[in-house]
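Asker: mmCIF, C-alpha atoms and all ligand atoms, saved as data_22.cif, coming up:
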data_run
loop_
_atom_site.label_atom_id
_atom_site.label_comp_id
_atom_site.auth_asym_id
_atom_site.auth_seq_id
_atom_site.Cartn_x
_atom_site.Cartn_y
_atom_site.Cartn_z
CA MET A 1 -8.70 10.91 -11.41
CA ASN A 2 -9.33 12.43 -14.81
CA ARG A 3 -8.30 10.95 -18.16
CA ARG A 4 -5.59 13.51 -18.77
CA GLU A 5 -3.72 12.28 -15.70
CA PHE A 6 -3.54 8.75 -17.13
CA ALA A 7 -2.59 10.04 -20.58
CA LYS A 8 0.26 12.07 -19.07
CA ARG A 9 1.57 9.00 -17.27
CA ARG A 10 1.56 6.95 -20.46
CA GLN A 11 3.33 9.70 -22.35
CA ARG A 12 6.03 9.95 -19.69
CA LEU A 13 6.52 6.20 -19.70
CA MET A 14 6.78 6.08 -23.49
CA ASP A 15 9.22 9.02 -23.53
CA MET A 16 11.48 7.04 -21.20
CA MET A 17 11.08 3.80 -23.17
CA GLY A 18 12.13 5.26 -26.51
CA GLU A 19 11.09 4.34 -30.07
CA GLY A 20 11.39 0.78 -31.27
CA SER A 21 10.50 -0.59 -27.84
CA ILE A 22 7.36 -2.19 -26.41
CA ALA A 23 5.90 -2.56 -22.92
CA ILE A 24 3.41 -5.28 -22.04
CA VAL A 25 1.36 -4.72 -18.90
CA PRO A 26 -1.24 -7.30 -17.88
CA THR A 27 -3.75 -6.61 -15.12
CA ALA A 28 -4.28 -8.94 -12.16
CA PRO A 29 -6.18 -12.22 -12.63
CA VAL A 30 -9.50 -12.91 -10.90
CA ARG A 31 -8.69 -15.03 -7.86
CA PRO A 32 -11.01 -17.80 -6.69
CA ARG A 33 -12.08 -17.73 -3.03
CA ASN A 34 -13.95 -21.05 -2.87
CA ARG A 35 -15.81 -23.22 -5.40
CA ASP A 36 -17.50 -20.71 -7.75
CA VAL A 37 -17.01 -17.63 -5.58
CA ASP A 38 -14.22 -15.19 -6.43
CA PHE A 39 -12.49 -12.61 -4.25
CA PRO A 40 -13.65 -9.05 -4.94
CA TYR A 41 -11.68 -7.94 -7.99
CA ARG A 42 -8.77 -5.52 -7.61
CA PRO A 43 -6.82 -4.53 -10.76
CA ASP A 44 -3.03 -4.57 -10.74
CA SER A 45 -1.66 -1.24 -9.50
CA ASN A 46 0.81 -0.68 -12.38
CA PHE A 47 -1.84 -1.54 -14.96
CA TYR A 48 -4.43 0.74 -13.39
CA TYR A 49 -1.89 3.52 -12.91
CA LEU A 50 -1.28 3.60 -16.66
CA THR A 51 -4.81 2.95 -17.93
CA GLY A 52 -7.47 3.77 -15.33
CA PHE A 53 -9.16 0.58 -16.60
CA GLY A 54 -10.65 -1.49 -13.78
CA GLU A 55 -11.93 -4.64 -15.52
CA PRO A 56 -10.19 -8.01 -15.30
CA GLU A 57 -8.81 -9.90 -18.34
CA ALA A 58 -7.03 -6.97 -19.87
CA VAL A 59 -3.52 -6.31 -21.17
CA ALA A 60 -2.15 -2.88 -22.08
CA VAL A 61 0.57 -2.63 -24.73
CA PHE A 62 2.63 0.51 -25.30
CA THR A 63 4.64 0.86 -28.48
CA PRO A 64 6.15 4.36 -28.82
CA GLY A 65 6.17 5.51 -32.43
CA ARG A 66 3.76 2.85 -33.77
CA GLU A 67 1.91 4.49 -36.63
CA GLN A 68 -1.44 2.80 -36.10
CA GLY A 69 -1.44 3.86 -32.47
CA GLU A 70 0.92 3.66 -29.53
CA PHE A 71 -1.50 2.45 -26.84
CA VAL A 72 -3.13 -0.89 -27.64
CA MET A 73 -5.58 -2.52 -25.27
CA PHE A 74 -6.68 -6.14 -25.17
CA CYS A 75 -9.88 -6.54 -23.15
CA ARG A 76 -13.19 -8.34 -22.96
CA GLU A 77 -15.72 -7.69 -25.69
CA ARG A 78 -19.26 -6.61 -24.89
CA ASP A 79 -21.46 -9.67 -24.32
CA PRO A 80 -25.08 -9.04 -23.33
CA ARG A 81 -25.56 -12.55 -21.94
CA ALA A 82 -22.47 -12.49 -19.74
CA GLU A 83 -23.23 -8.90 -18.74
CA GLN A 84 -26.71 -9.90 -17.57
CA TRP A 85 -25.12 -12.25 -15.06
CA HIS A 86 -21.93 -10.48 -14.09
CA GLY A 87 -22.37 -6.79 -14.82
CA SER A 88 -21.53 -4.44 -17.64
CA ARG A 89 -18.30 -4.34 -19.60
CA LEU A 90 -16.76 -1.42 -21.41
CA GLY A 91 -15.79 -3.46 -24.43
CA LEU A 92 -13.36 -2.44 -27.14
CA GLU A 93 -15.12 0.86 -27.85
CA GLY A 94 -15.14 1.78 -24.17
CA ALA A 95 -11.42 1.06 -23.92
CA CYS A 96 -10.79 3.54 -26.74
CA GLU A 97 -13.38 6.19 -25.94
CA ARG A 98 -13.21 6.17 -22.16
CA HIS A 99 -9.62 5.13 -21.56
CA GLY A 100 -7.74 6.61 -24.46
CA ALA A 101 -6.59 3.41 -26.18
CA ASP A 102 -5.64 4.04 -29.81
CA ASP A 103 -6.57 0.54 -30.78
CA ALA A 104 -8.38 -2.28 -28.93
CA PHE A 105 -8.65 -6.00 -29.60
CA PRO A 106 -10.57 -8.84 -27.95
CA ILE A 107 -8.50 -10.46 -25.21
CA SER A 108 -9.38 -13.81 -26.82
CA ASP A 109 -7.32 -12.78 -29.89
CA ILE A 110 -4.14 -11.90 -28.00
CA ASP A 111 -2.32 -15.11 -29.03
CA ASP A 112 -2.74 -14.17 -32.69
CA ILE A 113 -1.95 -10.47 -32.42
CA LEU A 114 0.66 -9.95 -29.74
CA PRO A 115 3.54 -11.84 -31.41
CA GLY A 116 3.18 -9.49 -34.39
CA LEU A 117 3.53 -6.47 -32.11
CA LEU A 118 6.68 -7.94 -30.59
CA GLU A 119 8.48 -8.47 -33.90
CA ASN A 120 11.62 -6.39 -34.40
CA LYS A 121 11.32 -4.55 -31.10
CA THR A 122 14.72 -3.52 -29.84
CA ARG A 123 13.64 -3.57 -26.22
CA VAL A 124 10.79 -5.39 -24.47
CA TYR A 125 9.63 -4.03 -21.12
CA TYR A 126 7.85 -6.60 -19.00
CA ALA A 127 7.55 -7.20 -15.24
CA MET A 128 8.50 -10.85 -15.04
CA GLY A 129 7.49 -12.84 -11.98
CA HIS A 130 4.29 -11.05 -10.95
CA PHE A 131 1.76 -13.26 -12.70
CA LYS A 132 3.13 -16.74 -13.30
CA GLU A 133 0.55 -17.80 -15.86
CA PHE A 134 1.08 -14.68 -17.91
CA ASP A 135 4.86 -15.23 -17.75
CA GLN A 136 4.30 -18.58 -19.47
CA ARG A 137 2.26 -16.97 -22.22
CA MET A 138 4.93 -14.30 -22.74
CA LEU A 139 7.51 -17.03 -23.10
CA ALA A 140 5.35 -18.79 -25.71
CA TRP A 141 4.88 -15.58 -27.74
CA VAL A 142 8.56 -14.74 -27.65
CA THR A 143 9.44 -18.28 -28.71
CA ARG A 144 7.05 -17.96 -31.62
CA VAL A 145 8.52 -14.63 -32.74
CA ARG A 146 12.00 -16.07 -32.63
CA GLY A 147 10.77 -18.92 -34.82
CA GLY A 148 13.38 -21.30 -33.51
CA SER A 149 16.54 -21.02 -31.50
CA ARG A 150 18.77 -19.65 -34.31
CA SER A 151 16.69 -16.57 -35.01
CA SER A 152 16.09 -13.60 -32.77
CA GLY A 153 12.94 -12.49 -34.60
CA GLY A 154 14.49 -9.06 -34.43
CA LEU A 155 13.97 -9.04 -30.68
CA GLY A 156 16.50 -7.12 -28.62
CA GLU A 157 16.88 -6.98 -24.88
CA PHE A 158 14.34 -7.71 -22.17
CA VAL A 159 14.06 -5.08 -19.45
CA MET A 160 12.09 -5.19 -16.19
CA LEU A 161 9.30 -2.65 -16.53
CA ASP A 162 9.06 -2.23 -12.76
CA HIS A 163 11.84 0.25 -12.31
CA LEU A 164 10.43 2.88 -14.67
CA VAL A 165 6.85 2.67 -13.43
CA HIS A 166 7.82 2.38 -9.77
CA GLU A 167 9.89 5.53 -9.91
CA MET A 168 6.94 7.34 -11.46
CA ARG A 169 4.56 6.01 -8.81
CA LEU A 170 6.85 7.08 -5.97
CA PHE A 171 6.27 10.76 -6.77
CA LYS A 172 2.66 11.75 -6.28
CA SER A 173 0.96 14.35 -8.46
CA LYS A 174 -1.51 16.91 -7.17
CA ALA A 175 -4.40 14.69 -8.23
CA GLU A 176 -2.93 11.70 -6.43
CA ILE A 177 -2.38 13.72 -3.27
CA GLY A 178 -6.04 14.77 -3.46
CA VAL A 179 -7.17 11.15 -3.65
CA MET A 180 -4.80 10.07 -0.88
CA SER A 181 -6.02 12.92 1.32
CA LYS A 182 -9.56 11.66 0.94
CA ALA A 183 -8.52 8.10 1.87
CA ALA A 184 -6.67 9.58 4.86
CA GLU A 185 -9.64 11.66 6.02
CA VAL A 186 -12.09 8.78 5.74
CA SER A 187 -9.70 6.52 7.63
CA ALA A 188 -9.15 9.11 10.36
CA ALA A 189 -12.93 9.41 10.79
CA ALA A 190 -13.17 5.62 11.06
CA HIS A 191 -10.54 5.54 13.82
CA GLU A 192 -12.38 8.26 15.69
CA ARG A 193 -15.64 6.34 15.33
CA ALA A 194 -13.99 3.19 16.69
CA MET A 195 -12.72 5.16 19.70
CA ARG A 196 -16.16 6.62 20.41
CA ILE A 197 -17.95 3.31 20.19
CA CYS A 198 -15.44 1.19 22.08
CA ARG A 199 -16.55 -0.34 25.42
CA PRO A 200 -15.11 -3.14 27.56
CA GLY A 201 -16.83 -6.43 26.64
CA MET A 202 -17.18 -5.68 22.92
CA SER A 203 -15.47 -7.99 20.45
CA GLU A 204 -12.57 -6.97 18.27
CA TYR A 205 -14.65 -7.83 15.19
CA GLN A 206 -17.40 -5.46 16.29
CA ILE A 207 -14.87 -2.65 16.21
CA GLU A 208 -13.69 -3.88 12.81
CA ALA A 209 -17.29 -3.63 11.59
CA GLU A 210 -17.44 0.02 12.68
CA LEU A 211 -14.27 0.79 10.72
CA LEU A 212 -15.61 -0.87 7.58
CA TYR A 213 -18.95 0.87 8.00
CA GLU A 214 -17.27 4.26 8.07
CA PHE A 215 -15.06 3.41 5.06
CA THR A 216 -17.95 2.10 3.00
CA ARG A 217 -20.46 4.83 3.73
CA ALA A 218 -17.85 7.39 2.64
CA GLY A 219 -17.51 5.63 -0.72
CA CYS A 220 -14.33 3.67 0.03
CA ARG A 221 -15.62 0.21 -0.83
CA SER A 222 -12.60 -1.66 0.44
CA ALA A 223 -10.03 -1.51 3.17
CA ALA A 224 -6.51 -1.06 1.81
CA TYR A 225 -5.41 -4.18 3.79
CA PRO A 226 -6.97 -6.45 6.42
CA SER A 227 -7.69 -4.37 9.53
CA ILE A 228 -5.75 -5.19 12.68
CA VAL A 229 -7.96 -4.84 15.75
CA ALA A 230 -5.83 -6.11 18.59
CA GLY A 231 -6.88 -5.90 22.23
CA GLY A 232 -4.31 -6.26 25.04
CA ALA A 233 -1.34 -8.51 24.28
CA ASN A 234 -2.73 -9.31 20.79
CA ALA A 235 -1.08 -6.01 19.83
CA CYS A 236 2.32 -7.67 20.32
CA THR A 237 1.55 -9.90 17.30
CA LEU A 238 2.45 -7.47 14.55
CA HIS A 239 0.13 -8.84 11.88
CA TYR A 240 -2.72 -9.97 14.14
CA THR A 241 -5.87 -10.13 12.01
CA ASP A 242 -8.02 -12.74 13.79
CA ASN A 243 -9.92 -9.90 15.46
CA SER A 244 -11.92 -12.49 17.40
CA ASP A 245 -11.24 -11.74 21.09
CA ARG A 246 -13.27 -9.78 23.57
CA LEU A 247 -11.98 -6.39 24.70
CA ARG A 248 -11.13 -6.29 28.36
CA ASP A 249 -11.43 -3.44 30.78
CA ARG A 250 -8.00 -1.95 31.52
CA ASP A 251 -6.45 -3.31 28.30
CA LEU A 252 -5.27 -1.18 25.42
CA LEU A 253 -6.67 -1.59 21.92
CA LEU A 254 -4.38 -1.22 18.90
CA ILE A 255 -6.13 -0.57 15.59
CA ASP A 256 -4.19 -0.54 12.31
CA ALA A 257 -6.70 0.16 9.55
CA GLY A 258 -6.92 2.24 6.40
CA ALA A 259 -9.39 2.74 3.59
CA GLU A 260 -8.66 2.43 -0.11
CA HIS A 261 -10.02 5.27 -2.23
CA ASP A 262 -9.80 5.13 -6.01
CA TYR A 263 -7.11 2.45 -5.51
CA TYR A 264 -4.98 4.60 -3.18
CA ALA A 265 -4.33 3.51 0.40
CA ALA A 266 -4.37 5.14 3.78
CA ASP A 267 -2.56 3.41 6.64
CA ILE A 268 -3.28 4.57 10.20
CA THR A 269 -2.58 3.03 13.58
CA ARG A 270 -3.96 4.29 16.85
CA THR A 271 -3.73 2.73 20.31
CA PHE A 272 -6.06 3.70 23.13
CA PRO A 273 -7.40 2.35 26.44
CA VAL A 274 -10.55 0.22 26.07
CA ASN A 275 -12.14 1.93 29.08
CA GLY A 276 -10.99 5.44 28.14
CA ARG A 277 -8.33 5.88 30.87
CA PHE A 278 -4.63 5.05 30.46
CA SER A 279 -3.10 3.24 33.46
CA GLY A 280 0.22 4.63 34.72
CA ALA A 281 2.34 2.09 32.82
CA GLN A 282 0.26 2.40 29.66
CA ARG A 283 0.57 6.18 29.80
CA ASP A 284 4.35 5.94 30.25
CA VAL A 285 4.85 3.67 27.24
CA TYR A 286 2.35 5.61 25.12
CA SER A 287 4.16 8.87 25.88
CA VAL A 288 7.44 7.38 24.69
CA VAL A 289 5.96 6.10 21.41
CA LEU A 290 4.16 9.38 20.78
CA ALA A 291 7.33 11.40 21.42
CA ALA A 292 9.25 9.07 19.09
CA GLN A 293 6.62 9.45 16.39
CA GLU A 294 6.60 13.24 16.68
CA ALA A 295 10.41 13.35 16.51
CA ALA A 296 10.36 11.12 13.43
CA ILE A 297 7.66 13.19 11.71
CA ASP A 298 9.64 16.38 12.43
CA THR A 299 12.54 14.84 10.52
CA VAL A 300 10.55 14.40 7.32
CA ALA A 301 11.77 17.02 4.83
CA PRO A 302 13.54 17.16 1.47
CA GLY A 303 17.22 16.45 1.91
CA ARG A 304 16.78 14.15 4.90
CA THR A 305 17.06 10.43 4.29
CA PHE A 306 14.62 7.61 4.88
CA ASP A 307 17.00 6.28 7.56
CA ASP A 308 17.13 9.68 9.31
CA VAL A 309 13.43 9.31 10.05
CA HIS A 310 13.93 5.83 11.45
CA MET A 311 16.88 6.86 13.60
CA ALA A 312 14.99 9.85 15.01
CA ALA A 313 12.34 7.44 16.28
CA VAL A 314 14.87 4.91 17.55
CA ARG A 315 16.70 7.58 19.58
CA VAL A 316 13.58 8.55 21.51
CA LEU A 317 12.42 4.95 21.91
CA VAL A 318 15.76 3.86 23.35
CA GLU A 319 15.84 6.77 25.79
CA GLY A 320 12.34 5.84 26.89
CA LEU A 321 13.14 2.15 27.23
CA VAL A 322 16.16 2.91 29.39
CA GLU A 323 14.10 5.23 31.56
CA LEU A 324 11.34 2.64 31.89
CA GLY A 325 13.91 0.06 33.00
CA ALA A 326 13.21 -2.19 30.02
CA ILE A 327 16.78 -2.09 28.71
CA LYS A 328 19.96 -1.64 30.66
CA GLY A 329 23.01 0.44 29.96
CA GLY A 330 23.55 3.78 28.33
CA VAL A 331 21.45 5.00 25.46
CA LYS A 332 24.41 5.03 23.05
CA ARG A 333 25.45 1.47 23.71
CA ALA A 334 21.88 0.15 23.70
CA THR A 335 21.39 1.80 20.31
CA GLU A 336 24.66 0.46 18.87
CA LYS A 337 23.93 -3.05 20.14
CA GLU A 338 20.36 -2.75 18.83
CA ARG A 339 19.01 -3.89 22.20
CA TYR A 340 15.79 -2.07 21.41
CA LYS A 341 14.97 -4.65 18.72
CA ARG A 342 13.47 -6.90 21.39
CA PHE A 343 10.71 -4.29 21.71
CA TYR A 344 10.87 -2.54 18.35
CA MET A 345 11.49 -5.05 15.58
CA HIS A 346 10.18 -3.24 12.50
CA ARG A 347 11.18 -0.19 10.50
CA THR A 348 9.62 3.21 11.14
CA GLY A 349 7.83 3.49 7.82
CA HIS A 350 7.37 2.64 4.18
CA TRP A 351 6.27 4.34 0.99
CA LEU A 352 2.51 4.66 0.64
CA GLY A 353 0.41 4.91 -2.53
CA MET A 354 -1.64 2.52 -4.64
CA ASP A 355 -0.14 -0.33 -2.63
CA VAL A 356 -0.01 0.01 1.12
CA HIS A 357 3.65 -1.01 1.09
CA ASP A 358 4.16 1.01 -2.03
CA VAL A 359 6.76 0.68 -4.74
CA GLY A 360 9.99 2.66 -5.03
CA ASP A 361 13.58 2.03 -3.99
CA TYR A 362 14.60 2.76 -0.41
CA ARG A 363 18.31 2.80 -1.17
CA ILE A 364 20.27 4.29 -4.03
CA ASP A 365 23.90 3.26 -4.56
CA ASP A 366 23.64 1.54 -1.20
CA GLN A 367 22.79 4.81 0.57
CA SER A 368 19.51 5.51 2.28
CA ARG A 369 17.38 7.46 -0.17
CA MET A 370 16.91 11.22 0.15
CA LEU A 371 13.36 12.35 0.67
CA GLU A 372 11.92 14.56 -2.06
CA ALA A 373 8.73 16.57 -2.40
CA GLY A 374 5.82 14.44 -3.59
CA MET A 375 6.80 11.25 -1.79
CA VAL A 376 4.34 9.88 0.75
CA MET A 377 5.53 7.67 3.60
CA THR A 378 4.16 6.29 6.84
CA VAL A 379 5.75 7.09 10.20
CA GLU A 380 4.86 4.30 12.59
CA PRO A 381 7.08 3.61 15.58
CA GLY A 382 5.86 1.20 18.24
CA LEU A 383 6.86 -0.73 21.34
CA TYR A 384 5.78 -4.30 21.92
CA ILE A 385 6.54 -5.90 25.27
CA SER A 386 5.67 -9.57 25.08
CA PRO A 387 3.53 -10.93 27.95
CA ASP A 388 6.12 -13.75 28.16
CA ASP A 389 9.16 -11.49 28.41
CA GLU A 390 10.32 -12.32 31.91
CA LYS A 391 13.22 -9.92 31.68
CA ALA A 392 10.97 -6.93 31.10
CA PRO A 393 9.49 -5.03 34.07
CA LYS A 394 6.29 -6.81 35.08
CA LYS A 395 4.03 -3.80 34.77
CA LEU A 396 5.02 -3.36 31.10
CA ARG A 397 4.41 -6.92 29.95
CA GLY A 398 1.62 -7.40 27.44
CA ILE A 399 1.64 -3.75 26.36
CA GLY A 400 1.77 -3.23 22.59
CA ILE A 401 1.56 0.29 21.18
CA ARG A 402 2.00 1.67 17.67
CA ILE A 403 1.11 5.12 16.36
CA GLU A 404 1.08 5.54 12.59
CA ASP A 405 0.41 8.51 10.32
CA ASP A 406 0.73 9.16 6.59
CA VAL A 407 3.13 11.95 5.77
CA LEU A 408 3.58 13.82 2.50
CA VAL A 409 7.01 15.30 1.82
CA THR A 410 6.51 18.91 0.70
CA LYS A 411 8.99 21.46 -0.67
CA SER A 412 9.28 23.12 2.74
CA GLY A 413 8.99 20.04 4.97
CA HIS A 414 5.99 17.82 5.35
CA GLU A 415 2.24 17.58 5.75
CA VAL A 416 0.54 14.92 7.89
CA LEU A 417 -2.40 13.67 5.81
CA THR A 418 -3.92 11.74 8.71
CA SER A 419 -3.74 14.44 11.38
CA ALA A 420 -7.51 14.27 12.00
CA ALA A 421 -7.13 10.92 13.79
CA PRO A 422 -6.90 11.74 17.53
CA LYS A 423 -3.63 10.80 19.21
CA SER A 424 -2.83 13.06 22.17
CA ILE A 425 -3.52 11.46 25.55
CA ASP A 426 -6.04 14.20 26.41
CA ASP A 427 -7.94 13.87 23.12
CA ILE A 428 -8.05 10.10 23.38
CA GLU A 429 -9.27 10.11 26.97
CA SER A 430 -12.04 12.55 26.14
CA ILE A 431 -13.18 10.68 23.01
CA VAL A 432 -13.00 6.96 23.87
CA GLY A 433 -16.40 5.62 24.95
CA SER A 434 -18.17 8.93 24.29
CA GLY A 435 -20.31 7.71 21.41
N1 LIG B 501 -0.74 -1.78 7.87
C1 LIG B 501 0.50 -2.29 7.48
C2 LIG B 501 1.61 -1.46 7.94
O1 LIG B 501 1.42 -0.65 8.81
O2 LIG B 501 2.70 -1.53 7.45
MN MN B 502 2.24 1.01 7.66
MN MN B 503 -0.45 0.15 9.33
#
Would you mind writing the structure in this file as structure tokens?

Answerer:
Amino acid sequence: MNRREFAKRRQRLMDMMGEGSIAIVPTAPVRPRNRDVDFPYRPDSNFYYLTGFGEPEAVAVFTPGREQGEFVMFCRERDPRAEQWHGSRLGLEGACERHGADDAFPISDIDDILPGLLENKTRVYYAMGHFKEFDQRMLAWVTRVRGGSRSSGGLGEFVMLDHLVHEMRLFKSKAEIGVMSKAAEVSAAAHERAMRICRPGMSEYQIEAELLYEFTRAGCRSAAYPSIVAGGANACTLHYTDNSDRLRDRDLLLIDAGAEHDYYAADITRTFPVNGRFSGAQRDVYSVVLAAQEAAIDTVAPGRTFDDVHMAAVRVLVEGLVELGAIKGGVKRATEKERYKRFYMHRTGHWLGMDVHDVGDYRIDDQSRMLEAGMVMTVEPGLYISPDDEKAPKKLRGIGIRIEDDVLVTKSGHEVLTSAAPKSIDDIESIVGSG
């Protein structure tokens, strides 16, 4: 992503904020894993979206109209000794030269400087509740500016920053779509690799290793979320991430995995037979889920709502469940009574972007939101028939299937970013075990 993209975002945000206001955007803290080992660092999505700055211990401040500079960054100073141990830092100069800050201060000085920036601001934008420790510091600075309970310190209203930035993030620019397409392509290749390599007797974690190998060698250094590699009935546990069982002949394998590229996520699910051949019952259920997914994807277009996509999938799933003998009664009644929820208990998709479950409202004025060009969503229907469901036909028990693609809303309809991941029965049967 080039610097102009970040500058444009900041300008848009500041145009919406208006003069006399201030926004304070901290990045994510470093999180300890155990003793003196930390989790790999991932900056906060809102912070990175506005700055492109990937180091921890940084706070961006936006003050539209401030004469000495509207974009102020607090970050770590250069420190040769620390850098020898932990890697290089951009420092204050880097924040200005490489990331477009007008002014930069050491993060260690924030207690002295930030209250001065807050003084007399008519509106303070801040996303309360994300980082508890930072919330406490905000409170202390505000208290100091007010200088006691009788004075306001010139401070006006507090406004949640989330809404403005989340609306911006919901609509993807050309550059963002380029980055997301790369994440999608790499992830699709990883799914294909997993299919080729899969054999009965392998462990779920061995398949996970193949996914991560493909992500990493393509330059995506992290998965966007923990991969789900679920053989057989493990697929009926929606967030199964143990990935520790052996894959059995004649079982299905559900893989939900996506790479993160430049802090943008892909999110793909494929389900295929471990031995490369669908059994009759597996084929029947798979065909229903695939038809539901295709119907839902066909619905994605400007002017349709988020719920339209869900209902398109539900319609096909319910018809299939009735035909398979899994639910009784007519399609209409089973839909109204939501009898399908025993087998399909999640929604058909979510927004996708820097966060896998990305930001943006799903409802506006209590109506399902209209889709618009530039939005990216997943379409991921599934059917999960618990092995313990004694009311379900025996041959279906223990089958869990989900098919998930990433879909961009375009002016004329949609584009499936993840279409390179095989999903037709013929393609799957010819690919699985071939590598
Ligand atoms: N991978 C998380 C999801 O599909 O929503
Ligand atoms: Mn998803
Ligand atoms: Mn997923």

Asker: Looking at all atoms listed in the file, which of A:Gly147, A:Gly382, A:Pro56, A:Gly320 is the one that sits closest to ligand MN 502 (chain B)?

Answerer: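 Under the stated criterion, the closest residue is A:Gly382.
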
Asker: Which distance in Å separates CA of Gly349 (chain A) and CA of Arg363 (chain A), to one decimal?

Answerer: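 CA of Arg363 (chain A) lies at a distance of 13.8 Å from CA of Gly349 (chain A).
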
Asker: Fewer than 4 positions away in the same chain doesn't count, so skip those; otherwise give me all residues within 9 Å of region 420-433 of chain A, counting all atoms listed in the file, as a short mmCIF file (atom, residue, chain, number, x, y, z; two decimals) with C-alpha atoms, keeping the file's coordinate frame.

Answerer:
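Writing done, so here's selection-v4.cif:
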data_model
loop_
_atom_site.label_atom_id
_atom_site.label_comp_id
_atom_site.auth_asym_id
_atom_site.auth_seq_id
_atom_site.Cartn_x
_atom_site.Cartn_y
_atom_site.Cartn_z
CA ALA A 184 -6.67 9.58 4.86
CA GLU A 185 -9.64 11.66 6.02
CA SER A 187 -9.70 6.52 7.63
CA ALA A 188 -9.15 9.11 10.36
CA ALA A 189 -12.93 9.41 10.79
CA ALA A 190 -13.17 5.62 11.06
CA HIS A 191 -10.54 5.54 13.82
CA GLU A 192 -12.38 8.26 15.69
CA ARG A 193 -15.64 6.34 15.33
CA ALA A 194 -13.99 3.19 16.69
CA MET A 195 -12.72 5.16 19.70
CA ARG A 196 -16.16 6.62 20.41
CA ILE A 197 -17.95 3.31 20.19
CA CYS A 198 -15.44 1.19 22.08
CA ARG A 199 -16.55 -0.34 25.42
CA ILE A 268 -3.28 4.57 10.20
CA ARG A 270 -3.96 4.29 16.85
CA THR A 271 -3.73 2.73 20.31
CA PHE A 272 -6.06 3.70 23.13
CA PRO A 273 -7.40 2.35 26.44
CA VAL A 274 -10.55 0.22 26.07
CA ASN A 275 -12.14 1.93 29.08
CA GLY A 276 -10.99 5.44 28.14
CA ARG A 277 -8.33 5.88 30.87
CA PHE A 278 -4.63 5.05 30.46
CA ARG A 283 0.57 6.18 29.80
CA TYR A 286 2.35 5.61 25.12
CA SER A 287 4.16 8.87 25.88
CA LEU A 290 4.16 9.38 20.78
CA ILE A 403 1.11 5.12 16.36
CA ASP A 405 0.41 8.51 10.32
#

Asker: Taking only C-alpha atoms and all ligand atoms into account, which of A:Arg31, A:Arg402, A:Lys394, A:His414 comes nearest ligand MN 503 (chain B)?

Answerer: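 Using only C-alpha atoms and all ligand atoms, the shortest distance to ligand MN 503 (chain B) belongs to A:Arg402.
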
Asker: With 3 Å of padding per side, what axis-aligned box (centre and edge lengths, Å, one decimal) covers all the listed atoms of ligand LIG 501 (chain B)? Give it as AutoDock Vina command-line options.

Answerer:
--center_x 1.0 --center_y -1.5 --center_z 8.1 --size_x 9.4 --size_y 7.6 --size_z 7.4

Asker: Could you check the closest approach to ligand LIG 501 (chain B) for each of A:Ala392, A:Val124, A:Cys220, A:Ala259 and tell me which residue wins, using only C-alpha atoms and all ligand atoms?

Answerer: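 Nearest candidate to ligand LIG 501 (chain B) out of A:Ala392, A:Val124, A:Cys220, A:Ala259: A:Ala259.
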
Asker: If you count only C-alpha atoms and all ligand atoms, which residues end up within 8 Å of ligand MN 502 (chain B), as a list of chain:residue names?

Answerer: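 Taking only C-alpha atoms and all ligand atoms into account, the residues around ligand MN 502 (chain B) at most 8 Å away are A:Asp267, A:Ile268, A:Thr269, A:Gly349, A:His350, A:Leu352, A:Val356, A:His357, A:Thr378, A:Val379, A:Glu380, A:Glu404.
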
Asker: Could you tell me, as a PyMOL selection string, which residues have any atom at most 12 Å from (-5.5, 2.5, -29.8), counting only C-alpha atoms?

Answerer: chain A and resi 51+60-64+66-74+92-105

Asker: Considering only C-alpha atoms, return as JSON, numbers by chain whatever protein or nucleic-acid residues lie within 9 Å of region 164-181 of chain A, sequence-local ones (same chain, fewer than 6 positions apart) excluded.

Answerer: {"A": [1, 2, 5, 9, 12, 13, 16, 17, 46, 49, 50, 260, 261, 262, 263, 264, 265, 266, 351, 352, 353, 354, 358, 359, 360, 361, 372, 373, 374, 375, 376, 408, 417, 418]}

Asker: With C-alpha atoms retained, export the selected residues as a short mmCIF file (atom, residue, chain, number, x, y, z; two decimals), in the frame of the given file.

Answerer:
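See again-v3.cif below for the written result:
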data_model
loop_
_atom_site.label_atom_id
_atom_site.label_comp_id
_atom_site.auth_asym_id
_atom_site.auth_seq_id
_atom_site.Cartn_x
_atom_site.Cartn_y
_atom_site.Cartn_z
CA MET A 1 -8.70 10.91 -11.41
CA ASN A 2 -9.33 12.43 -14.81
CA GLU A 5 -3.72 12.28 -15.70
CA ARG A 9 1.57 9.00 -17.27
CA ARG A 12 6.03 9.95 -19.69
CA LEU A 13 6.52 6.20 -19.70
CA MET A 16 11.48 7.04 -21.20
CA MET A 17 11.08 3.80 -23.17
CA ASN A 46 0.81 -0.68 -12.38
CA TYR A 49 -1.89 3.52 -12.91
CA LEU A 50 -1.28 3.60 -16.66
CA GLU A 260 -8.66 2.43 -0.11
CA HIS A 261 -10.02 5.27 -2.23
CA ASP A 262 -9.80 5.13 -6.01
CA TYR A 263 -7.11 2.45 -5.51
CA TYR A 264 -4.98 4.60 -3.18
CA ALA A 265 -4.33 3.51 0.40
CA ALA A 266 -4.37 5.14 3.78
CA TRP A 351 6.27 4.34 0.99
CA LEU A 352 2.51 4.66 0.64
CA GLY A 353 0.41 4.91 -2.53
CA MET A 354 -1.64 2.52 -4.64
CA ASP A 358 4.16 1.01 -2.03
CA VAL A 359 6.76 0.68 -4.74
CA GLY A 360 9.99 2.66 -5.03
CA ASP A 361 13.58 2.03 -3.99
CA GLU A 372 11.92 14.56 -2.06
CA ALA A 373 8.73 16.57 -2.40
CA GLY A 374 5.82 14.44 -3.59
CA MET A 375 6.80 11.25 -1.79
CA VAL A 376 4.34 9.88 0.75
CA LEU A 408 3.58 13.82 2.50
CA LEU A 417 -2.40 13.67 5.81
CA THR A 418 -3.92 11.74 8.71
#
